[in-house]
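**Student:** So that we are looking at the same thing, I have put the structure below in structure tokens.
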Amino acid sequence: MHAATPLARRTTAHVALVVAVALVACACDREQDAGTTLRVMNWATDLELTTEQRIADRFAARNPHVRVIVESITTNYGEKLVTAIASGVPPDVFLLDVPDIPAFVERGLVLDLTPYVERVSYDTAGTFPEVLAVFLRGNQLYAFPKGFTPLVVYYNQRLFTELGVPLPPDTGWTQQEFLETARAVTRDTDGDGRTDIYAVNFPRQLYEWMPWVWSAGGDILNPEGTRTLGFLDSEATVQAFEFLTSLVTQHRVAPPIQFLRMGDPMRVGRFYIGKQAMLISGHWHMPRVLSYAERGQLEIGVAAIPHRAGVDPQTVIYTSGWAVPANVRHKRLAVELAAFLAGEEAQRIRAAARLEIPSLEAVAREVAARDTSGVEQAFLRQVPYGRTPWGATVMDFHEIEELSFDIMDRHLLHGDSLSTVASEIARRIDQVIAR
């Protein structure tokens with residue numbers, strides 16, 4: 001899971017370009033460990049890279065003849081990774097992100113870790129099942145989860161209190177309850193006829209609005225992930241689109257600039273300066289949230305994604321995991337390293353940064369118990385409602401994401417019927433799926 005966005009690395013198009021290259025050097029289970037150098041590839045920022053190297057050094061300390069080098073690829077990550085694997089010089093362990101899972105699994109580029117779980121003592125039973133499920137295909141496990149987040153609604157408790165608006169409930173809320181709250185916090189504070197405080201950022205990207213669709217009883221694909229027509233344009237899904245767009249067009253509780261394709265540079269910053277009461281996001285925003293809270297500028301709460309009355313609330317699980325290339329040379333050591341990077345010690349070290357929730361439940365609950373704000377516990381309350389994102393199971397899902405932009409944009413910009421546009425887009429997506 002990337003700190004900036006869980007959909008930042010889309011690589012399936014690159015996979016398609018290189019899958020014709022034969023995988024070489026079938027790995028063997030036994031190798032000489034003396035003087036072995038293992039390479040770990042991820043997309044870490046400078047601070048994260050330092051942490052990951054520190055964790056890797058602990059593995060090396062337990063294996064005196066092993067050296068571990070952590071490499072961060074911040075641009076064209078997927079392309080470089082796939083090229084390395086296909087050319088026969090793969091990293092020993094790499095960080096696998098949600099959008100990349102279908103391509104790596106279906107092209108046979110990643111090792112099934114199931115036969116090694118017991119030997120490396122990886123605690124599958126202690127891992128949140130909603131997170132482990134993202135990397136499972138039947139009984140086959142293709143990565144040891146690193147960390148994760150459900151999508152939630154952050155809210156500024158201080159702003160709610162100053163405006164005299166009740167805080168969102170801990171037990172979940174309906175769309176109508178959310179709307180009533182959004183109207184109450186949206187204010188023209190200086191009487192000039194212009195809104196000074198908005199309720200929420202408009203969820204214009206699929207990764208943001210997908211749980212709203214699920215929580216309205218809709219979906220964008222059939223259960224098999226092979227067809228969108230009849231799902232993307234279903235009554236329940238279109239109702240979710242209507243509700244979301246009404247936040248801009250009818251209720252005006254979200255800034256209208258946010259639905260434009262070029263985006264809104266203040267869609268997050270507005271929340272931090274007290275000009276927006278709520279923010280739809282994930283745990284990756286916690287470090288910045290905490291920095292503002294420590295300066296006394298924010299008091300944060302976390303609420304669930306609103307659901308349609310009569311429909312169970314749902315959210316989405318975004319995660320990443322440590323995987324091993326199928327053609328890795330040092331297979332035994334690589335699997336042990338992957339398990340260590342996903343283990344308790346590593347997750348406790350990473351937890352200090354607060355970028356993600358540890359995937360091991362015991363570690364996550366330790367973090368929540370130390371958090372006096374209650375925010376971490378609020379995040380954990382959403383986990384049972386978490387679903388695997390479609391990008392983890394559908395090949396070339398980035399194309400579906402790109403096409404989906406038009407659904408609400410065409411309604412907001414040109415007044416097109418949402419049901420008509422959804423049906424049109426569904427047909428176009430089905431053509432992509434059928435390729």
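Labeling convention for the structure tokens: chains A, B, ... as they appear, residues from 1 per chain, ligands from 1 in order of appearance.
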Give me the range 58-107 of chain A side of the contact with range 330-333 of chain A, cut-off 10 Å, one line per residue showing its nearest atom pair and distance in Å at one decimal, counting only C-alpha atoms, sorted by chain and residue number, as CSV.
**Tutor:**
residue,atom,partner,partner_atom,distance
A:Asn63,CA,A:Leu333,CA,9.6
A:Val66,CA,A:Leu333,CA,9.0
A:Pro91,CA,A:His330,CA,10.0
A:Asp92,CA,A:His330,CA,7.0
A:Val93,CA,A:Lys331,CA,9.6
**Student:** What's the 8 Å shell around Val68 in chain A, counting only C-alpha atoms, without same-chain residues fewer than 5 positions away, as a list of chain:residue names?
**Tutor:**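 Contacts, in chain order: A:Thr37, A:Leu38, A:Arg39, A:Val40, A:Gln53, A:Ala56, A:Asp57, A:Phe59, A:Ala60.
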**Student:** Give me, as a list in words, all polymer residues having an atom no more than 6 Å from range 140-150 of chain A, counting only C-alpha atoms and skipping those fewer than 3 positions away in the same chain.
**Tutor:**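 Using only C-alpha atoms, the neighbours found are Asp112, Leu113, Thr114, Phe135, Leu136, Arg137, Gly282, His283, Val316, Ile317, Tyr318, Thr319, Ser320, Gly321, Trp322, Ala323, Ala342, Glu356, Ile357, Pro358 and Ser359 of chain A.
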**Student:** Those residues with N, CA and C atoms, as a short mmCIF file (atom, residue, chain, number, x, y, z; two decimals), in the first residue's frame please?
**Tutor:**
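The result, written out as again.cif:
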data_model
loop_
_atom_site.label_atom_id
_atom_site.label_comp_id
_atom_site.auth_asym_id
_atom_site.auth_seq_id
_atom_site.Cartn_x
_atom_site.Cartn_y
_atom_site.Cartn_z
N ASP A 112 3.86 -19.25 -5.26
CA ASP A 112 2.84 -19.63 -4.29
C ASP A 112 3.54 -19.94 -2.98
N LEU A 113 3.23 -19.19 -1.94
CA LEU A 113 3.93 -19.32 -0.66
C LEU A 113 3.30 -20.36 0.26
N THR A 114 2.16 -20.91 -0.13
CA THR A 114 1.43 -21.83 0.75
C THR A 114 2.29 -23.00 1.25
N PHE A 135 -4.66 -11.63 -1.06
CA PHE A 135 -3.54 -12.33 -1.71
C PHE A 135 -3.79 -13.81 -1.93
N LEU A 136 -4.99 -14.26 -1.63
CA LEU A 136 -5.34 -15.66 -1.82
C LEU A 136 -6.03 -15.89 -3.16
N ARG A 137 -5.71 -17.01 -3.80
CA ARG A 137 -6.44 -17.51 -4.95
C ARG A 137 -6.77 -18.96 -4.64
N GLY A 282 -7.71 7.05 3.66
CA GLY A 282 -7.26 5.86 4.36
C GLY A 282 -6.21 6.18 5.40
N HIS A 283 -5.64 5.15 5.98
CA HIS A 283 -4.68 5.31 7.08
C HIS A 283 -3.41 6.01 6.63
N VAL A 316 -13.56 -0.93 1.71
CA VAL A 316 -12.62 -1.64 0.86
C VAL A 316 -11.28 -1.74 1.59
N ILE A 317 -10.59 -2.85 1.39
CA ILE A 317 -9.28 -3.06 2.01
C ILE A 317 -8.19 -2.81 0.98
N TYR A 318 -7.34 -1.83 1.25
CA TYR A 318 -6.18 -1.58 0.41
C TYR A 318 -4.94 -2.03 1.17
N THR A 319 -4.09 -2.80 0.51
CA THR A 319 -2.96 -3.42 1.19
C THR A 319 -1.81 -3.65 0.21
N SER A 320 -0.71 -4.10 0.73
CA SER A 320 0.43 -4.57 -0.08
C SER A 320 1.07 -5.72 0.68
N GLY A 321 1.84 -6.54 -0.03
CA GLY A 321 2.42 -7.70 0.63
C GLY A 321 3.77 -8.08 0.04
N TRP A 322 4.52 -8.83 0.82
CA TRP A 322 5.86 -9.26 0.41
C TRP A 322 5.76 -10.55 -0.39
N ALA A 323 6.20 -10.48 -1.64
CA ALA A 323 6.10 -11.61 -2.56
C ALA A 323 7.49 -12.05 -3.01
N ALA A 342 7.18 -9.54 6.98
CA ALA A 342 5.77 -9.45 7.32
C ALA A 342 5.47 -9.87 8.75
N GLU A 356 0.17 2.82 8.08
CA GLU A 356 -0.74 1.72 7.78
C GLU A 356 -1.08 0.99 9.06
N ILE A 357 -2.06 0.11 8.96
CA ILE A 357 -2.42 -0.75 10.07
C ILE A 357 -1.64 -2.06 9.93
N PRO A 358 -0.99 -2.54 10.97
CA PRO A 358 -0.30 -3.84 10.86
C PRO A 358 -1.29 -4.93 10.47
N SER A 359 -0.89 -5.82 9.59
CA SER A 359 -1.80 -6.87 9.14
C SER A 359 -1.96 -7.99 10.16
#
**Student:** Give me the residues within 10 Å of Gly126 in chain A as a list in words, counting only C-alpha atoms and dropping any in the same chain fewer than 4 places off.
**Tutor:**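 Listing them by chain and then by number gives Tyr122, Leu132, Ser359, Leu360, Glu361, Ala362 and Val363 of chain A.
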**Student:** With C-alpha atoms kept, could you save the residues just selected as a PDB file, in the first residue's frame?
**Tutor:**
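Output saved as out08.pdb:
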ATOM      1  CA  TYR A 122       4.044 -17.275   9.245  1.00  0.00           C
ATOM      2  CA  LEU A 132      -5.075 -12.190   3.831  1.00  0.00           C
ATOM      3  CA  SER A 359      -1.801  -6.875   9.138  1.00  0.00           C
ATOM      4  CA  LEU A 360      -1.172  -9.066  12.181  1.00  0.00           C
ATOM      5  CA  GLU A 361      -4.167  -8.540  14.438  1.00  0.00           C
ATOM      6  CA  ALA A 362      -2.249  -8.765  17.718  1.00  0.00           C
ATOM      7  CA  VAL A 363       0.162  -6.010  16.659  1.00  0.00           C
TER       8      VAL A 363
END
**Student:** So which residues of range 327-364 of chain A fall under strand (DSSP E or B) by DSSP, listed as a ChimeraX atom specification?
**Tutor:** /A:330,357-358,360
**Student:** Next, the residues of the selection above should be written as a compact mmCIF listing (two decimals), in the first residue's frame with N, CA and C atoms.
**Tutor:**
# COMPACT_ATOMS: atom_id res chain seq x y z
N HIS A 330 17.55 -17.80 -4.80
CA HIS A 330 17.68 -18.26 -3.42
C HIS A 330 16.28 -18.43 -2.81
N ILE A 357 -2.06 0.11 8.96
CA ILE A 357 -2.42 -0.75 10.07
C ILE A 357 -1.64 -2.06 9.93
N PRO A 358 -0.99 -2.54 10.97
CA PRO A 358 -0.30 -3.84 10.86
C PRO A 358 -1.29 -4.93 10.47
N LEU A 360 -1.03 -8.10 11.10
CA LEU A 360 -1.17 -9.07 12.18
C LEU A 360 -2.07 -8.45 13.26
**Student:** Going by DSSP on the backbone, which residues of range 127-369 of chain A come out as helix (DSSP H, G or I)? List them as a PyMOL selection string.
**Tutor:** chain A and resi 129-135+157-163+175-185+206-214+235-249+256-259+269-272+283-294+331-341+344-351+361-369
**Student:** Separation of CA of Leu413 in chain A and CA of Val213 in chain A, in Å?
**Tutor:**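 Taking CA of Leu413 in chain A and CA of Val213 in chain A, their separation equals 21.0 Å.
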**Student:** Hey, which of A:Arg370, A:Arg194, A:Arg354, A:Arg435 ends up closest to Glu399 in chain A? Count only C-alpha atoms.
**Tutor:**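 Checking each of A:Arg370, A:Arg194, A:Arg354, A:Arg435 against Glu399 in chain A, counting only C-alpha atoms, the winner is A:Arg435.
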**Student:** Please determine, counting only C-alpha atoms, which residue among A:Phe340, A:Trp43, A:Phe397, A:Phe243 has the shortest atom-to-atom distance to Ile220 in chain A.
**Tutor:** A:Phe397
**Student:** Give me the residues near Pro256 in chain A as number ranges by chain, where near means some atom within 10 Å (using only C-alpha atoms) and where sequence neighbours in that chain fewer than 5 positions away do not count.
**Tutor:** A: 201-202, 245, 247-249, 264, 412
**Student:** Near Ala44 in chain A, within 8 Å and counting only C-alpha atoms, which residues show up once chain neighbours fewer than 3 positions away are dropped, as a PyMOL selection string?
**Tutor:** chain A and resi 47-49+72-74
**Student:** Closest to Ile429 in chain A among A:Thr372, A:Gln297, A:Thr226, A:Gln382, using only C-alpha atoms?
**Tutor:**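 Nearest to Ile429 in chain A: A:Thr226.
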**Student:** Restricting the calculation to only C-alpha atoms, which member of A:Ile305, A:Asp219, A:Gly35, A:Thr186 is positioned closest to Arg67 in chain A?
**Tutor:**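 Closest to Arg67 in chain A, using only C-alpha atoms: A:Gly35.
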**Student:** For range 306-311 of chain A, work out the shell of residues within 6 Å, counting only C-alpha atoms and skipping chain neighbours fewer than 5 positions away, then give it as a PyMOL selection string.
**Tutor:** chain A and resi 173-175+215-217
**Student:** What separation in Å, quoted to one decimal, exists between CA of Asp396 in chain A and CA of Ile101 in chain A?
**Tutor:**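 Computing it gives 10.4 Å between the two atoms.
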**Student:** May I ask which of the residues A:Ala86, A:Leu232, A:Asp406, A:Gly274 is the closest one to Leu163 in chain A, counting only C-alpha atoms?
**Tutor:**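 For Leu163 in chain A, the nearest of the given residues is A:Gly274.
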**Student:** Taking only C-alpha atoms into account, which of A:Asp196, A:Glu299, A:Glu336, A:Glu130 comes nearest Tyr155 in chain A?
**Tutor:** A:Glu299
**Student:** For the interface of range 147-235 of chain A with range 415-426 of chain A (cut-off 10 Å, counting only C-alpha atoms), please tabulate each contacting residue of range 147-235 of chain A alongside its nearest pair of atoms and their separation in Å to one decimal, rows sorted by chain and increasing number, as a tab-separated table.
**Tutor:**
residue	atom	partner	partner_atom	distance
A:Ile220	CA	A:Ala426	CA	8.4
A:Leu221	CA	A:Ala426	CA	9.1
A:Arg227	CA	A:Ala426	CA	8.2
A:Thr228	CA	A:Ala426	CA	5.3
A:Leu229	CA	A:Ala426	CA	5.0
A:Gly230	CA	A:Ser423	CA	7.9
A:Phe231	CA	A:Ala426	CA	8.2
A:Leu232	CA	A:Ala426	CA	6.1
A:Asp233	CA	A:Ala422	CA	4.9
A:Ser234	CA	A:Ser419	CA	8.0
A:Glu235	CA	A:Ser419	CA	8.2
**Student:** Taking C-alpha atoms for each residue, export the selection above as a PDB file, in the first residue's frame.
**Tutor:**
ATOM      1  CA  ILE A 220     -19.628  -2.558 -10.776  1.00  0.00           C
ATOM      2  CA  LEU A 221     -18.986  -6.178 -11.804  1.00  0.00           C
ATOM      3  CA  ARG A 227     -19.147  -8.506 -16.795  1.00  0.00           C
ATOM      4  CA  THR A 228     -20.219  -4.964 -15.866  1.00  0.00           C
ATOM      5  CA  LEU A 229     -23.459  -4.570 -17.836  1.00  0.00           C
ATOM      6  CA  GLY A 230     -26.334  -5.065 -15.445  1.00  0.00           C
ATOM      7  CA  PHE A 231     -24.129  -4.186 -12.469  1.00  0.00           C
ATOM      8  CA  LEU A 232     -22.433  -0.863 -13.170  1.00  0.00           C
ATOM      9  CA  ASP A 233     -25.786   0.408 -14.495  1.00  0.00           C
ATOM     10  CA  SER A 234     -27.974  -1.364 -11.919  1.00  0.00           C
ATOM     11  CA  GLU A 235     -30.545   0.597  -9.929  1.00  0.00           C
TER      12      GLU A 235
END
**Student:** What's the separation between CA of Arg381 in chain A and CA of Ala338 in chain A, in Å to one decimal place?
**Tutor:**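 Interatomic distance, CA of Arg381 in chain A to CA of Ala338 in chain A: 28.1 Å.
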